[in-house]
Amino acid sequence: MTTDIPTPAAPVREAVAPVRDWPAVDLEGTEFDPVLAALMREGPVTRIRLPYGEGWAWLATRYEDVRTVTNDPRFSRAEVTRRQVTRLAPHFRPRPGSLAWADQPDHNRLRKPIAGAFTTAAMKRLRPRAQEILDELVDGVVRDGPPADLIERVLEPFPITVVSEVMGVPDADRERVHAWTRQIISTSGGAEAADAAKQGLYGWITETVRARAGSSGDDVYSLLGGAVARGEIGEEEAVGLAGPLQIGGEAVTHNCGQMLFLMLTRPELTAWLRERPVERGPVLDELLRWIPHRSTVGLARIALEDVELSDGTRIPAGDPVYVSYLAANRDPAVFADPDRIVTDRDPNPHLAFGNGPHYCTGAVLARLQTELLVDTLLDRLPELRLAVPAEEVKWRRKTMIRGPLTLPAAW
């Protein structure tokens, strides 16, 4: 007599992977973070400990898993605000009502009042004014002649000015607003400096939103002031919405700085862009995919229930999870030869602007500014090149968003 023995179900991976420390390393140039590269080799889902906060967190690096975690309501941003999750930033005091920490349906409710300011149609209307701002900056560079620091003269003032116009920041306040946003994305100065910058910025935003309660303008602060006056959102929510949008100009500066550094150190890339101006769009997407635009990872999520990812790893309810868009953009299952810049890559479903409900609100604006910067600098500065050896270019230190500190150029 024989007895049938049931076949056991495939085991679900438990949390046996070691916890890896992930320090905030100041990397030179466009070097891919070696710690992240090692984590990707170790497995599609690993465990990490960042410099601040408490405990450890899961890290998803595979494209499929990154999309799952960022689009699945079982992973909550709001829940993180009640925890001290391991993190890169030395400070953690989320603004009440912030879009970055909202789950559905609150996320859509909060995003609705400002959505009109960032549509494709709105960016089409903005384009002539943005080009005018950029032309004035480049006029000054051309007039003064080489060499010129493109960060100081163009890449920093242009996005900040454009974002300030979209937001509705008066000319007289732009310098101090920029000083606050720059400090907020820095990890230097510790919690005290970051808190002071946040208090300054958010205090200013609160006053501005209140002052525009009756405004009929189409700038973001007027839209928020009107939404608060109509009772669609609370004042704290309006302030929490505005802060990350105001800070967004910093990312454009650093991302475009990395793009231009690549162009100026890879003559074949610059030549390709000059010879095929109508085909620049796909190349910019490829550069957005490829550049390592941030240090470590962004914002965490908490699993609200047990969730199994693609490789069988079970994320237990209550565990924090991070995703790496940088790693997802180098996933060989999605991007052939992922470590190489392929100018005609098609398709290119990169996640440089995020995924799911928290896809970057200002993505269309960032893309507009990137296109204008690359087109204008290549077209108006013939034979654009670095004015110093590549190894002498200085890079930002102790910052969450990577990029060159200076970019001395000649032409």
# chains A, B, ... in the order shown; residues from 1 in each chain; ligands from 1
>>> residues_around(residues="stretch 269-272 of chain A", least_positions_apart="2", cutoff="10 Å", atoms="only C-alpha atoms", output="count of residues only")
21
>>> residues_around(residues="A:Arg129", least_positions_apart="6", cutoff="10 Å", atoms="only C-alpha atoms", output="JSON, numbers by chain")
{"A": [135, 162, 165]}
>>> write_last_selection(atoms="N, CA and C atoms", output="compact mmCIF listing (two decimals), in the first residue's frame")
# COMPACT_ATOMS: atom_id res chain seq x y z
N ASP A 135 17.15 83.12 -22.18
CA ASP A 135 17.91 83.92 -23.15
C ASP A 135 18.62 85.08 -22.47
N VAL A 162 12.13 80.26 -12.90
CA VAL A 162 10.93 79.72 -13.53
C VAL A 162 9.97 79.16 -12.48
N GLU A 165 8.23 81.89 -10.66
CA GLU A 165 7.15 82.51 -11.43
C GLU A 165 5.91 81.63 -11.42
>>> select_by_dssp(residues="stretch 212-383 of chain A", states="strand (DSSP E)", output="list in words")
Arg301, Ile302, Ala303, Val307, Glu308, Arg314, Ile315, Pro320, Val321, Tyr322 and Val323 of chain A
>>> closest_atom_pairs(of="stretch 79-154 of chain A", to="stretch 207-230 of chain A", cutoff="12 Å", atoms="only C-alpha atoms", output="CSV")
residue,atom,partner,partner_atom,distance
A:Arg109,CA,A:Ala227,CA,10.9
A:Leu110,CA,A:Ala227,CA,9.8
A:Arg111,CA,A:Leu224,CA,10.3
A:Lys112,CA,A:Ala227,CA,9.6
A:Pro113,CA,A:Ala227,CA,6.4
A:Ile114,CA,A:Val220,CA,6.2
A:Ala115,CA,A:Val220,CA,9.3
A:Gly116,CA,A:Asp218,CA,8.6
A:Ala117,CA,A:Val220,CA,6.6
A:Phe118,CA,A:Val220,CA,9.4
A:Ala122,CA,A:Asp218,CA,9.9
A:Arg125,CA,A:Asp218,CA,11.9
A:Leu126,CA,A:Asp219,CA,11.4
>>> write_last_selection(atoms="N, CA, C and O atoms", output="tab-separated table (two decimals), in the first residue's frame")
chain	number	residue	atom	x	y	z
A	109	ARG	N	-7.40	64.56	-3.57
A	109	ARG	CA	-8.07	65.79	-3.09
A	109	ARG	C	-7.07	66.92	-2.95
A	109	ARG	O	-7.35	68.07	-3.31
A	110	LEU	N	-5.89	66.61	-2.43
A	110	LEU	CA	-4.88	67.64	-2.22
A	110	LEU	C	-4.28	68.11	-3.54
A	110	LEU	O	-3.96	69.29	-3.72
A	111	ARG	N	-4.12	67.20	-4.47
A	111	ARG	CA	-3.46	67.53	-5.73
A	111	ARG	C	-4.36	68.36	-6.66
A	111	ARG	O	-3.87	69.13	-7.49
A	112	LYS	N	-5.67	68.20	-6.51
A	112	LYS	CA	-6.61	68.82	-7.45
A	112	LYS	C	-6.48	70.34	-7.56
A	112	LYS	O	-6.49	70.89	-8.68
A	113	PRO	N	-6.35	71.10	-6.46
A	113	PRO	CA	-6.31	72.57	-6.59
A	113	PRO	C	-5.14	73.10	-7.42
A	113	PRO	O	-5.24	74.18	-8.01
A	114	ILE	N	-4.04	72.37	-7.46
A	114	ILE	CA	-2.85	72.87	-8.16
A	114	ILE	C	-2.60	72.17	-9.49
A	114	ILE	O	-1.67	72.54	-10.21
A	115	ALA	N	-3.42	71.19	-9.82
A	115	ALA	CA	-3.16	70.39	-11.01
A	115	ALA	C	-3.10	71.24	-12.28
A	115	ALA	O	-2.28	71.02	-13.17
A	116	GLY	N	-3.95	72.26	-12.35
A	116	GLY	CA	-4.01	73.10	-13.55
A	116	GLY	C	-2.74	73.88	-13.83
A	116	GLY	O	-2.49	74.27	-14.98
A	117	ALA	N	-1.92	74.09	-12.80
A	117	ALA	CA	-0.69	74.87	-12.98
A	117	ALA	C	0.43	74.05	-13.62
A	117	ALA	O	1.44	74.61	-14.04
A	118	PHE	N	0.24	72.72	-13.71
A	118	PHE	CA	1.33	71.86	-14.20
A	118	PHE	C	0.90	70.97	-15.36
A	118	PHE	O	1.53	69.95	-15.63
A	122	ALA	N	-0.59	74.28	-19.71
A	122	ALA	CA	0.00	75.36	-18.92
A	122	ALA	C	1.47	75.53	-19.25
A	122	ALA	O	1.98	76.65	-19.33
A	125	ARG	N	1.94	77.41	-22.47
A	125	ARG	CA	1.80	78.87	-22.27
A	125	ARG	C	3.03	79.44	-21.60
A	125	ARG	O	3.42	80.58	-21.86
A	126	LEU	N	3.65	78.69	-20.72
A	126	LEU	CA	4.82	79.16	-19.98
A	126	LEU	C	6.07	79.20	-20.84
A	126	LEU	O	6.97	80.00	-20.59
>>> residues_around(residues="A:Arg153", least_positions_apart="3", cutoff="9 Å", atoms="only C-alpha atoms", output="list in words")
Leu137, Val138, Gly140, Val141, Ala148, Asp149, Leu150, Glu156, Pro157 and Phe158 of chain A
>>> residues_around(residues="A:Phe75", least_positions_apart="5", cutoff="6 Å", atoms="only C-alpha atoms", output="list in words")
Arg301, Ile302, Ala303 and Leu304 of chain A
>>> residues_around(residues="A:Leu284", least_positions_apart="3", cutoff="10 Å", atoms="only C-alpha atoms", output="MDAnalysis selection string")
chainID A and resid 256 259 273 279:281 287:290 343 367 370:371 374
>>> select_by_dssp(residues="stretch 223-377 of chain A", states="alpha helix (DSSP H)", output="number ranges by chain")
A: 223-229, 235-265, 267-275, 280-290, 325-328, 363-377
>>> atom_distance(atom1="atom CA of A:Trp58", atom2="atom CA of A:Ala191")
24.8 Å
>>> closest_residue(among="A:Leu88, A:Ala193, A:Val19, A:Leu373", to="A:Leu155", atoms="only C-alpha atoms")
A:Leu373
